[in-house]
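Source file: upload-v3.csv (CSV, C-alpha atoms and all ligand atoms)
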chain,number,residue,atom,x,y,z
O,1350,MET,CA,-12.7,14.4,-21.4
O,1351,LYS,CA,-15.3,12.0,-20.3
O,1352,GLN,CA,-13.4,11.4,-17.1
O,1353,GLN,CA,-13.1,15.2,-16.6
O,1354,LEU,CA,-16.9,15.5,-16.8
O,1355,GLU,CA,-17.4,12.6,-14.4
O,1356,ASP,CA,-14.9,14.2,-11.9
O,1357,ILE,CA,-16.7,17.5,-12.0
O,1358,LYS,CA,-20.0,15.8,-11.4
O,1359,GLN,CA,-18.8,13.8,-8.4
O,1360,ARG,CA,-17.0,16.8,-6.8
O,1361,ALA,CA,-20.0,19.1,-7.5
O,1362,LEU,CA,-22.6,16.8,-5.9
O,1363,ALA,CA,-20.4,16.3,-2.8
O,1364,ALA,CA,-19.7,20.1,-2.5
O,1365,LEU,CA,-23.4,20.9,-2.9
O,1366,ASP,CA,-24.4,18.4,-0.2
O,1367,GLY,CA,-22.1,20.2,2.1
O,1368,ALA,CA,-23.3,23.7,1.3
O,1369,ALA,CA,-24.8,25.1,4.5
O,1370,SER,CA,-26.3,28.4,3.4
O,1371,PRO,CA,-28.0,30.0,0.4
O,1372,THR,CA,-24.9,32.2,-0.1
O,1373,ALA,CA,-22.6,29.1,-0.2
O,1374,LEU,CA,-25.0,27.5,-2.7
O,1375,GLU,CA,-24.9,30.6,-5.0
O,1376,GLU,CA,-21.1,30.7,-4.8
O,1377,LEU,CA,-21.0,27.0,-5.9
O,1378,ARG,CA,-23.4,27.6,-8.7
O,1379,VAL,CA,-21.2,30.4,-10.2
O,1380,LYS,CA,-18.0,28.2,-9.7
O,1381,LEU,CA,-19.6,25.2,-11.4
O,1382,LEU,CA,-22.0,26.5,-14.0
O,1383,GLY,CA,-21.0,30.1,-14.5
O,1384,LYS,CA,-19.3,31.6,-17.6
O,1385,LYS,CA,-15.9,31.1,-16.0
O,1386,GLY,CA,-17.0,27.9,-14.3
O,1387,GLU,CA,-15.5,24.5,-14.5
O,1388,LEU,CA,-18.1,23.0,-16.8
O,1389,THR,CA,-17.7,25.8,-19.3
O,1390,ALA,CA,-14.0,25.4,-19.2
O,1391,VAL,CA,-14.4,21.7,-20.2
O,1392,LEU,CA,-16.9,22.5,-23.0
O,1393,LYS,CA,-14.4,25.0,-24.5
O,1394,GLN,CA,-12.3,22.0,-25.3
O,1395,MET,CA,-15.0,20.4,-27.5
O,1396,GLY,CA,-13.4,21.9,-30.6
O,1397,LYS,CA,-10.5,19.4,-30.2
O,1398,LEU,CA,-12.8,16.4,-30.5
O,1399,THR,CA,-13.6,14.4,-33.7
O,1400,PRO,CA,-16.9,15.0,-35.3
O,1401,GLU,CA,-18.1,11.6,-34.1
O,1402,GLU,CA,-17.1,12.2,-30.5
O,1403,ARG,CA,-18.6,15.7,-30.3
O,1404,PRO,CA,-22.3,14.8,-30.0
O,1405,VAL,CA,-21.6,12.0,-27.5
O,1406,MET,CA,-19.6,14.4,-25.3
O,1407,GLY,CA,-22.2,17.1,-25.8
O,1408,GLN,CA,-24.9,14.8,-24.5
O,1409,LEU,CA,-22.8,13.8,-21.5
O,1410,ALA,CA,-22.0,17.4,-20.7
O,1411,ASN,CA,-25.7,18.3,-20.8
O,1412,ALA,CA,-26.5,15.4,-18.5
O,1413,VAL,CA,-23.9,16.5,-16.0
O,1414,ARG,CA,-25.2,20.1,-16.1
O,1415,ALA,CA,-28.8,18.8,-15.5
O,1416,ASP,CA,-27.7,16.7,-12.6
O,1417,ILE,CA,-25.9,19.6,-11.0
O,1418,GLU,CA,-28.9,21.9,-11.5
O,1419,ALA,CA,-31.2,19.3,-10.0
O,1420,LYS,CA,-29.0,19.0,-7.0
O,1421,LEU,CA,-28.8,22.8,-6.6
O,1422,GLU,CA,-32.6,23.0,-6.6
O,1423,GLU,CA,-32.9,20.2,-4.1
O,1424,ARG,CA,-30.4,21.8,-1.7
O,1425,LYS,CA,-32.0,25.2,-2.1
O,1426,SER,CA,-35.4,23.9,-1.0
O,1427,ALA,CA,-33.9,21.8,1.8
O,1428,LEU,CA,-32.1,24.9,3.1
O,1429,HIS,CA,-35.2,27.0,2.8
O,1430,ALA,CA,-37.3,24.5,4.7
O,1431,ALA,CA,-34.7,24.3,7.4
O,1432,ALA,CA,-34.6,28.1,7.7
O,1433,LEU,CA,-38.4,28.3,8.0
O,1434,GLU,CA,-38.4,25.5,10.6
O,1435,ALA,CA,-35.8,27.4,12.7
O,1436,LYS,CA,-37.8,30.7,12.4
O,1437,LEU,CA,-41.0,29.0,13.4
O,1438,ALA,CA,-39.3,27.5,16.4
O,1439,ALA,CA,-37.8,30.8,17.4
O,1440,GLU,CA,-41.1,32.7,17.1
O,1441,ALA,CA,-43.2,30.1,18.8
O,1442,ILE,CA,-46.1,31.8,20.7
O,1443,ASP,CA,-47.2,30.5,24.1
O,1444,VAL,CA,-51.0,30.8,23.6
O,1445,THR,CA,-51.5,30.0,27.3
O,1446,ILE,CA,-49.9,33.3,28.5
O,1447,PRO,CA,-52.7,35.7,29.6
O,1448,GLY,CA,-53.3,38.7,27.2
O,1449,GLU,CA,-52.6,42.3,28.0
O,1450,PRO,CA,-55.9,44.0,28.9
O,1451,VAL,CA,-57.1,46.7,26.5
O,1452,SER,CA,-58.0,49.8,28.5
O,1453,LEU,CA,-61.3,51.3,27.4
O,1454,GLY,CA,-61.6,55.1,27.3
O,1455,HIS,CA,-64.6,57.1,28.3
O,1456,GLN,CA,-66.3,60.3,27.3
O,1457,HIS,CA,-64.5,63.6,27.8
O,1458,PRO,CA,-65.7,65.5,30.9
O,1459,MET,CA,-67.1,68.2,28.6
O,1460,ASN,CA,-69.1,65.7,26.7
O,1461,GLN,CA,-70.4,64.2,29.9
O,1462,VAL,CA,-71.7,67.5,31.1
O,1463,LEU,CA,-73.1,68.4,27.7
O,1464,GLN,CA,-75.0,65.1,27.7
O,1465,GLU,CA,-76.4,65.8,31.1
O,1466,ILE,CA,-77.5,69.3,30.1
O,1467,LYS,CA,-79.1,68.0,26.9
O,1468,ASP,CA,-80.9,65.3,28.8
O,1469,ILE,CA,-82.3,67.9,31.3
O,1470,PHE,CA,-83.6,70.1,28.5
O,1471,VAL,CA,-85.0,67.2,26.4
O,1472,GLY,CA,-86.8,66.2,29.6
O,1473,MET,CA,-88.4,69.7,29.6
O,1474,GLY,CA,-89.6,69.3,26.0
O,1475,TYR,CA,-86.8,71.0,24.2
O,1476,THR,CA,-85.3,69.9,20.8
O,1477,VAL,CA,-81.6,69.9,20.3
O,1478,VAL,CA,-80.5,71.7,17.1
O,1479,ASP,CA,-77.2,72.3,15.4
O,1480,GLY,CA,-75.9,75.1,13.2
O,1481,PRO,CA,-72.8,76.4,11.4
O,1482,GLU,CA,-69.6,77.7,13.1
O,1483,VAL,CA,-68.7,79.7,10.0
O,1484,GLU,CA,-71.5,82.2,10.1
O,1485,LEU,CA,-72.7,85.3,8.3
O,1486,ALA,CA,-72.2,88.6,10.2
O,1487,ASP,CA,-75.9,89.2,9.4
O,1488,TYR,CA,-76.8,86.3,11.7
O,1489,ASN,CA,-74.1,86.7,14.3
O,1490,PHE,CA,-74.8,90.4,14.6
O,1491,THR,CA,-77.2,92.4,12.4
O,1492,LYS,CA,-80.3,90.3,12.8
O,1493,LEU,CA,-79.6,90.2,16.6
O,1494,ASN,CA,-79.8,94.0,16.7
O,1495,ILE,CA,-76.1,94.4,17.0
O,1496,GLN,CA,-75.4,97.3,14.8
O,1497,GLU,CA,-72.3,98.3,12.8
O,1498,GLY,CA,-69.8,99.9,15.1
O,1499,HIS,CA,-70.8,97.8,18.1
O,1500,PRO,CA,-67.6,96.9,20.0
O,1501,SER,CA,-68.2,93.1,19.7
O,1502,ARG,CA,-68.0,93.5,15.9
O,1503,ASP,CA,-64.4,94.8,16.3
O,1504,ARG,CA,-61.7,93.0,14.4
O,1505,SER,CA,-59.7,92.7,17.6
O,1506,ASP,CA,-62.5,90.6,19.1
O,1507,THR,CA,-63.8,88.5,16.2
O,1508,PHE,CA,-62.2,86.2,13.6
O,1509,TYR,CA,-63.3,87.4,10.1
O,1510,PHE,CA,-62.8,85.5,6.9
O,1511,THR,CA,-63.5,88.3,4.4
O,1512,ASP,CA,-62.3,91.8,3.9
O,1513,ASP,CA,-65.8,93.2,4.1
O,1514,ASP,CA,-66.3,91.4,7.5
O,1515,SER,CA,-69.4,89.6,6.2
O,1516,VAL,CA,-68.3,86.0,7.1
O,1517,LEU,CA,-66.8,85.1,10.5
O,1518,LEU,CA,-66.4,82.4,13.1
O,1519,ARG,CA,-69.5,82.8,15.2
O,1520,THR,CA,-68.7,84.6,18.5
O,1521,GLN,CA,-71.9,83.2,20.2
O,1522,THR,CA,-74.5,80.6,19.6
O,1523,SER,CA,-77.2,83.3,19.4
O,1524,PRO,CA,-77.4,83.3,15.6
O,1525,MET,CA,-79.2,79.9,16.2
O,1526,GLN,CA,-82.1,82.0,17.6
O,1527,ILE,CA,-82.4,83.7,14.2
O,1528,ARG,CA,-81.9,80.5,12.2
O,1529,THR,CA,-84.6,78.7,14.2
O,1530,MET,CA,-87.2,81.5,14.2
O,1531,GLU,CA,-86.7,82.0,10.4
O,1532,LYS,CA,-87.5,78.3,9.9
O,1533,MET,CA,-90.4,77.7,12.3
O,1534,GLN,CA,-93.3,79.4,13.9
O,1535,PRO,CA,-94.1,79.1,17.7
O,1536,PRO,CA,-94.3,77.1,19.8
O,1537,ILE,CA,-90.5,77.0,19.8
O,1538,ARG,CA,-88.4,75.2,22.4
O,1539,ILE,CA,-84.8,74.5,21.4
O,1540,VAL,CA,-81.3,74.3,22.7
O,1541,ALA,CA,-78.3,74.7,20.3
O,1542,PRO,CA,-74.9,73.6,21.7
O,1543,GLY,CA,-71.7,74.3,19.8
O,1544,ARG,CA,-68.3,75.9,19.5
O,1545,VAL,CA,-67.8,79.7,19.5
O,1546,TYR,CA,-64.7,81.8,18.8
O,1547,ARG,CA,-63.3,85.0,20.2
O,1548,LYS,CA,-59.9,86.6,20.1
O,1549,ASP,CA,-59.1,86.0,23.8
O,1550,GLU,CA,-55.8,85.0,25.3
O,1551,ALA,CA,-56.0,81.7,27.1
O,1552,ASP,CA,-55.9,81.8,30.9
O,1553,ALA,CA,-57.6,79.9,33.7
O,1554,THR,CA,-61.1,81.1,32.6
O,1555,HIS,CA,-60.6,82.1,28.9
O,1556,SER,CA,-59.9,80.4,25.6
O,1557,PRO,CA,-60.2,81.6,22.0
O,1558,MET,CA,-62.5,78.6,21.4
O,1559,PHE,CA,-65.1,77.6,23.8
O,1560,HIS,CA,-68.6,76.1,23.9
O,1561,GLN,CA,-72.0,77.7,24.5
O,1562,ILE,CA,-75.5,76.3,24.7
O,1563,GLU,CA,-78.1,78.6,23.3
O,1564,GLY,CA,-81.7,78.2,24.5
O,1565,LEU,CA,-84.8,79.7,22.9
O,1566,VAL,CA,-88.4,79.4,23.9
O,1567,VAL,CA,-91.1,81.3,22.0
O,1568,ASP,CA,-94.8,80.9,22.6
O,1569,GLU,CA,-97.9,82.8,23.8
O,1570,GLY,CA,-97.6,84.2,27.2
O,1571,ILE,CA,-93.9,83.4,27.9
O,1572,THR,CA,-92.5,85.6,30.8
O,1573,MET,CA,-89.3,86.2,32.6
O,1574,GLY,CA,-90.7,83.8,35.3
O,1575,ASP,CA,-90.5,81.0,32.7
O,1576,LEU,CA,-86.9,81.8,32.0
O,1577,LYS,CA,-85.9,81.8,35.7
O,1578,GLY,CA,-87.8,78.5,36.2
O,1579,ALA,CA,-86.1,76.8,33.3
O,1580,LEU,CA,-82.6,77.9,34.5
O,1581,GLU,CA,-83.2,77.1,38.1
O,1582,THR,CA,-84.4,73.6,37.1
O,1583,LEU,CA,-81.2,73.2,35.1
O,1584,MET,CA,-78.9,74.3,37.9
O,1585,LYS,CA,-80.5,72.3,40.7
O,1586,ARG,CA,-80.5,69.2,38.5
O,1587,LEU,CA,-76.8,69.7,37.7
O,1588,TYR,CA,-75.4,70.9,41.0
O,1589,GLY,CA,-78.0,69.8,43.5
O,1590,GLU,CA,-80.6,71.7,45.5
O,1591,GLU,CA,-77.9,73.6,47.5
O,1592,ALA,CA,-76.6,75.4,44.4
O,1593,VAL,CA,-76.5,79.2,44.9
O,1594,MET,CA,-77.4,81.4,42.0
O,1595,ARG,CA,-78.0,85.1,41.4
O,1596,PHE,CA,-79.6,87.0,38.5
O,1597,ARG,CA,-78.1,90.5,37.7
O,1598,PRO,CA,-79.6,93.0,35.4
O,1599,HIS,CA,-77.6,93.3,32.2
O,1600,HIS,CA,-77.8,94.5,28.6
O,1601,PHE,CA,-77.9,92.5,25.4
O,1602,PRO,CA,-79.0,94.2,22.1
O,1603,PHE,CA,-81.3,91.2,21.3
O,1604,THR,CA,-83.1,90.8,24.6
O,1605,GLU,CA,-85.2,93.2,26.6
O,1606,PRO,CA,-85.0,93.0,29.6
O,1607,SER,CA,-81.7,91.2,29.9
O,1608,CYS,CA,-79.9,89.6,32.7
O,1609,GLU,CA,-76.9,87.5,33.6
O,1610,MET,CA,-76.9,84.5,35.9
O,1611,ASP,CA,-73.9,83.8,38.2
O,1612,MET,CA,-73.2,80.9,40.4
O,1613,GLN,CA,-71.3,81.1,43.6
O,1614,CYS,CA,-67.6,80.2,43.2
O,1615,HIS,CA,-66.9,76.6,44.1
O,1616,LYS,CA,-63.3,77.3,45.1
O,1617,CYS,CA,-63.7,80.1,47.6
O,1618,HIS,CA,-67.5,79.6,48.3
O,1619,GLY,CA,-68.2,83.2,47.5
O,1620,THR,CA,-65.5,84.8,49.8
O,1621,GLY,CA,-63.2,85.7,46.9
O,1622,GLU,CA,-60.2,84.4,48.9
O,1623,VAL,CA,-58.4,81.1,49.3
O,1624,ASP,CA,-55.8,80.9,52.1
O,1625,GLY,CA,-55.5,84.7,52.3
O,1626,GLN,CA,-54.9,84.9,48.5
O,1627,VAL,CA,-57.2,86.2,45.8
O,1628,CYS,CA,-59.2,83.2,44.5
O,1629,SER,CA,-57.7,82.3,41.1
O,1630,THR,CA,-60.9,80.7,39.8
O,1631,CYS,CA,-63.2,83.7,40.2
O,1632,HIS,CA,-60.5,86.4,40.4
O,1633,GLY,CA,-61.8,87.4,43.8
O,1634,GLU,CA,-65.3,88.0,42.6
O,1635,GLY,CA,-66.9,85.2,44.7
O,1636,TRP,CA,-69.2,84.5,41.7
O,1637,ILE,CA,-68.7,82.9,38.3
O,1638,GLU,CA,-70.7,84.2,35.4
O,1639,LEU,CA,-72.4,81.3,33.8
O,1640,LEU,CA,-74.8,82.8,31.3
O,1641,GLY,CA,-76.5,85.7,29.7
O,1642,ALA,CA,-80.3,85.7,29.1
O,1643,GLY,CA,-83.3,87.8,28.6
O,1644,MET,CA,-86.7,88.2,26.9
O,1645,VAL,CA,-86.3,88.0,23.1
O,1646,HIS,CA,-86.4,91.6,21.8
O,1647,PRO,CA,-89.7,92.3,19.9
O,1648,GLU,CA,-87.8,93.7,16.9
O,1649,VAL,CA,-85.8,90.4,16.7
O,1650,LEU,CA,-89.1,88.5,16.7
O,1651,GLU,CA,-90.6,90.7,14.0
O,1652,GLY,CA,-87.4,90.5,11.9
O,1653,CYS,CA,-87.9,86.7,11.8
O,1654,GLY,CA,-91.5,87.0,10.8
O,1655,ILE,CA,-93.0,86.3,14.3
O,1656,ASP,CA,-95.9,88.4,15.5
O,1657,SER,CA,-94.5,90.1,18.7
O,1658,ARG,CA,-98.1,91.1,19.8
O,1659,LYS,CA,-99.1,87.5,19.9
O,1660,TYR,CA,-95.9,85.8,21.0
O,1661,SER,CA,-93.1,86.4,23.4
O,1662,GLY,CA,-90.0,84.4,24.3
O,1663,PHE,CA,-86.9,84.0,26.3
O,1664,ALA,CA,-83.4,83.2,25.3
O,1665,PHE,CA,-80.2,82.3,27.1
O,1666,GLY,CA,-76.6,81.4,26.2
O,1667,LEU,CA,-74.6,79.5,28.7
O,1668,GLY,CA,-70.9,78.8,28.8
O,1669,LEU,CA,-70.4,75.0,28.7
O,1670,GLU,CA,-66.8,75.1,30.0
O,1671,ARG,CA,-67.8,77.1,33.0
O,1672,MET,CA,-70.6,74.7,33.8
O,1673,ALA,CA,-68.3,71.7,33.4
O,1674,MET,CA,-65.6,73.4,35.6
O,1675,ARG,CA,-68.2,73.9,38.4
O,1676,ARG,CA,-69.7,70.5,37.9
O,1677,MET,CA,-66.4,68.6,37.9
O,1678,ARG,CA,-64.6,71.0,40.3
O,1679,ILE,CA,-61.9,71.9,37.7
O,1680,ASN,CA,-60.1,75.1,38.5
O,1681,ASP,CA,-58.2,75.8,35.2
O,1682,LEU,CA,-60.0,75.9,31.9
O,1683,ARG,CA,-56.9,75.0,30.0
O,1684,LEU,CA,-56.9,71.5,31.5
O,1685,ILE,CA,-60.1,70.8,29.5
O,1686,PHE,CA,-58.3,71.3,26.2
O,1687,ASP,CA,-54.9,69.8,27.0
O,1688,ASN,CA,-56.2,66.3,26.7
O,1689,ASP,CA,-53.7,64.9,29.2
O,1690,VAL,CA,-54.9,61.4,30.1
O,1691,ARG,CA,-53.7,61.9,33.7
O,1692,PHE,CA,-56.3,64.6,33.9
O,1693,LEU,CA,-59.0,63.0,31.8
O,1694,SER,CA,-58.9,59.6,33.5
O,1695,GLN,CA,-60.1,61.3,36.7
O,1696,PHE,CA,-63.6,61.7,35.4
O,1701,LIG,N1,-74.9,85.4,23.3
O,1701,LIG,C1,-74.7,86.0,24.6
O,1701,LIG,C2,-73.2,86.0,24.9
O,1701,LIG,O1,-72.5,85.3,24.3
O,1701,LIG,C3,-75.5,85.4,25.7
O,1701,LIG,C4,-77.0,85.5,25.5
O,1701,LIG,C5,-77.7,84.5,24.9
O,1701,LIG,C6,-77.7,86.6,26.0
O,1701,LIG,C7,-79.1,84.6,24.7
O,1701,LIG,C8,-79.0,86.7,25.9
O,1701,LIG,C9,-79.7,85.7,25.3
O,1701,LIG,O2,-72.8,86.7,25.8
How does the structure come out when it is put into structure tokens?
Ligand code: PHE
Amino acid sequence: MKQQLEDIKQRALAALDGAASPTALEELRVKLLGKKGELTAVLKQMGKLTPEERPVMGQLANAVRADIEAKLEERKSALHAAALEAKLAAEAIDVTIPGEPVSLGHQHPMNQVLQEIKDIFVGMGYTVVDGPEVELADYNFTKLNIQEGHPSRDRSDTFYFTDDDSVLLRTQTSPMQIRTMEKMQPPIRIVAPGRVYRKDEADATHSPMFHQIEGLVVDEGITMGDLKGALETLMKRLYGEEAVMRFRPHHFPFTEPSCEMDMQCHKCHGTGEVDGQVCSTCHGEGWIELLGAGMVHPEVLEGCGIDSRKYSGFAFGLGLERMAMRRMRINDLRLIFDNDVRFLSQF
């Protein structure tokens, strides 16, 4: 039996030395030390020994098991170290290879134009203010003199949140006129840029979400001349001295008198035609409507607690996308929202 144990030990150590993988090691472990392994098989014969021999053999068997276990551990860490070595060699990084450049983005063309416009107004002493896109019908319509039943309140034009039509996505930035005048007394000089929403199909000049910039000036002695001056300054700064504009009489419930300002179409230069076809940018109009404006209606002033005998004011609301399209010479509004880098990287 002693010889048997010695044999097992010698063969085991030799076999373990030759094991080339963790799997081979594990197979050997089972074969040598497992329940059906060789050592166990020998130990099962212990019963045949005399009581004097038993402890001696037991001790020897334990020593053999310990030697085999020690060898197993040794091979395991040797194999592990070798595997790590190989992996490191395979994954070696050549730190002298030049890195790939990270390409920096830039502001979206809309933001660039918005920034320019804000800068121009801030330069004229205006403050930039911000307000909610989820708005009360009271502010979006009622306090702006837009009565129940007015077509712009129609459910086919406006996104409502509630059955009683009291909460909506603002359809214009004009509620910011009310929010501003309710909070402060003249002199007031603000611009309020932001998103507005209307149930429009998307085409080259329409989108259900677009941006407006509201402007409001209230002080003593403000006239329509101040309005025209402010807007002409804006246009010439943005588009250059050669920019061609026109003011047309119009109607808004919250301004009196009211007007719209158009800019000559940059695609067809006012002719309405490109290569004998109707111009797709202005639909043959020759002009692009940029904004609505007017003198703040005295009833709107009074409704906000401002004395309309002492103060007067002007307001305007301009479409930012249209300004950006003119400024960047973009002929389809949808390009602005598609976020295709091939388009964006041109600006
Ligand atoms: N809110 C109007 C619109 O969206 C524009 C406007 C603003 C008109 C301010 C007059 C004064 O059409």
Any chance you could tabulate, as CSV, the residues of chain O at most 7 Å from ligand LIG 1701 (chain O) with each one's nearest atom pair and distance in Å to one decimal, using all atoms listed in the file, in chain and rising number order?
residue,atom,partner,partner_atom,distance
O:Thr1520,CA,O:LIG1701,O1,7.0
O:Gln1521,CA,O:LIG1701,O1,4.6
O:Thr1522,CA,O:LIG1701,N1,6.1
O:Ser1523,CA,O:LIG1701,N1,5.0
O:Glu1563,CA,O:LIG1701,C5,6.1
O:Gly1564,CA,O:LIG1701,C7,6.9
O:Phe1601,CA,O:LIG1701,C8,5.9
O:Phe1603,CA,O:LIG1701,C8,6.8
O:Thr1604,CA,O:LIG1701,C8,5.9
O:Ser1607,CA,O:LIG1701,C8,6.6
O:Leu1640,CA,O:LIG1701,C3,6.2
O:Gly1641,CA,O:LIG1701,C6,4.0
O:Ala1642,CA,O:LIG1701,C8,3.6
O:Gly1643,CA,O:LIG1701,C8,5.2
O:Ala1664,CA,O:LIG1701,C9,4.5
O:Phe1665,CA,O:LIG1701,C7,3.5
O:Gly1666,CA,O:LIG1701,C5,3.5
O:Leu1667,CA,O:LIG1701,C3,6.7
Could you give me, as a list in words, the residues within 12 Å of Lys1616 (chain O), counting all atoms listed in the file and dropping anything in the same chain fewer than 5 positions from it? Gly1621, Glu1622, Val1623, Asp1624, Gln1626, Val1627, Cys1628, Ser1629, Thr1630, Cys1631, His1632, Gly1633, Glu1634, Gly1635, Trp1636, Ile1637, Met1674, Arg1675, Arg1676, Met1677, Arg1678, Ile1679, Asn1680 and Asp1681 of chain O
Nearest residue to Leu1388 (chain O) from the set O:Val1413, O:Leu1374, O:Leu1565, O:Ala1427 (distances using only C-alpha atoms): O:Val1413
Quick one: residues within 10 Å of Phe1692 (chain O), only C-alpha atoms, excluding same-chain residues fewer than 6 positions away - as number ranges by chain? O: 1458, 1679, 1684-1685
Show me the residues close to (-77.4, 93.2, 36.3) - anything with an atom within 9 Å, counting only C-alpha atoms - and format the list as a PDB file with C-alpha atoms, keeping the file's coordinate frame.
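Output (result-v3.pdb):
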ATOM      1  CA  PHE O1596     -79.600  87.000  38.500  1.00  0.00           C
ATOM      2  CA  ARG O1597     -78.100  90.500  37.700  1.00  0.00           C
ATOM      3  CA  PRO O1598     -79.600  93.000  35.400  1.00  0.00           C
ATOM      4  CA  HIS O1599     -77.600  93.300  32.200  1.00  0.00           C
ATOM      5  CA  HIS O1600     -77.800  94.500  28.600  1.00  0.00           C
ATOM      6  CA  SER O1607     -81.700  91.200  29.900  1.00  0.00           C
ATOM      7  CA  CYS O1608     -79.900  89.600  32.700  1.00  0.00           C
ATOM      8  CA  GLU O1609     -76.900  87.500  33.600  1.00  0.00           C
ATOM      9  CA  MET O1610     -76.900  84.500  35.900  1.00  0.00           C
TER      10      MET O1610
END
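Straight-line separation from CA of Gly1662 (chain O) to CA of Met1644 (chain O): 5.7 Å.
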Which residues, written as a count of residues only, have at least one atom at most 9 Å from Val1462 (chain O), with all atoms listed in the file counted and residues fewer than 4 positions away on the same chain left out? 10
Rank nothing, just name the residue among O:Glu1387, O:Glu1465, O:Asp1479, O:Glu1401 nearest to Gly1543 (chain O), using all atoms listed in the file. O:Asp1479
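The spacing separating CA of Lys1358 (chain O) from CA of His1429 (chain O) amounts to 23.6 Å.
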Selection: 12 Å around Leu1381 (chain O), all atoms listed in the file, excl. self and same-chain fewer than 4 positions, as a PyMOL selection string: chain O and resi 1354+1356-1362+1364-1365+1374-1377+1385-1391+1413-1418+1421
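Closest approach to Lys1659 (chain O) among O:Pro1536, O:His1499, O:Pro1606, O:Asp1611: O:Pro1536, based on only C-alpha atoms.
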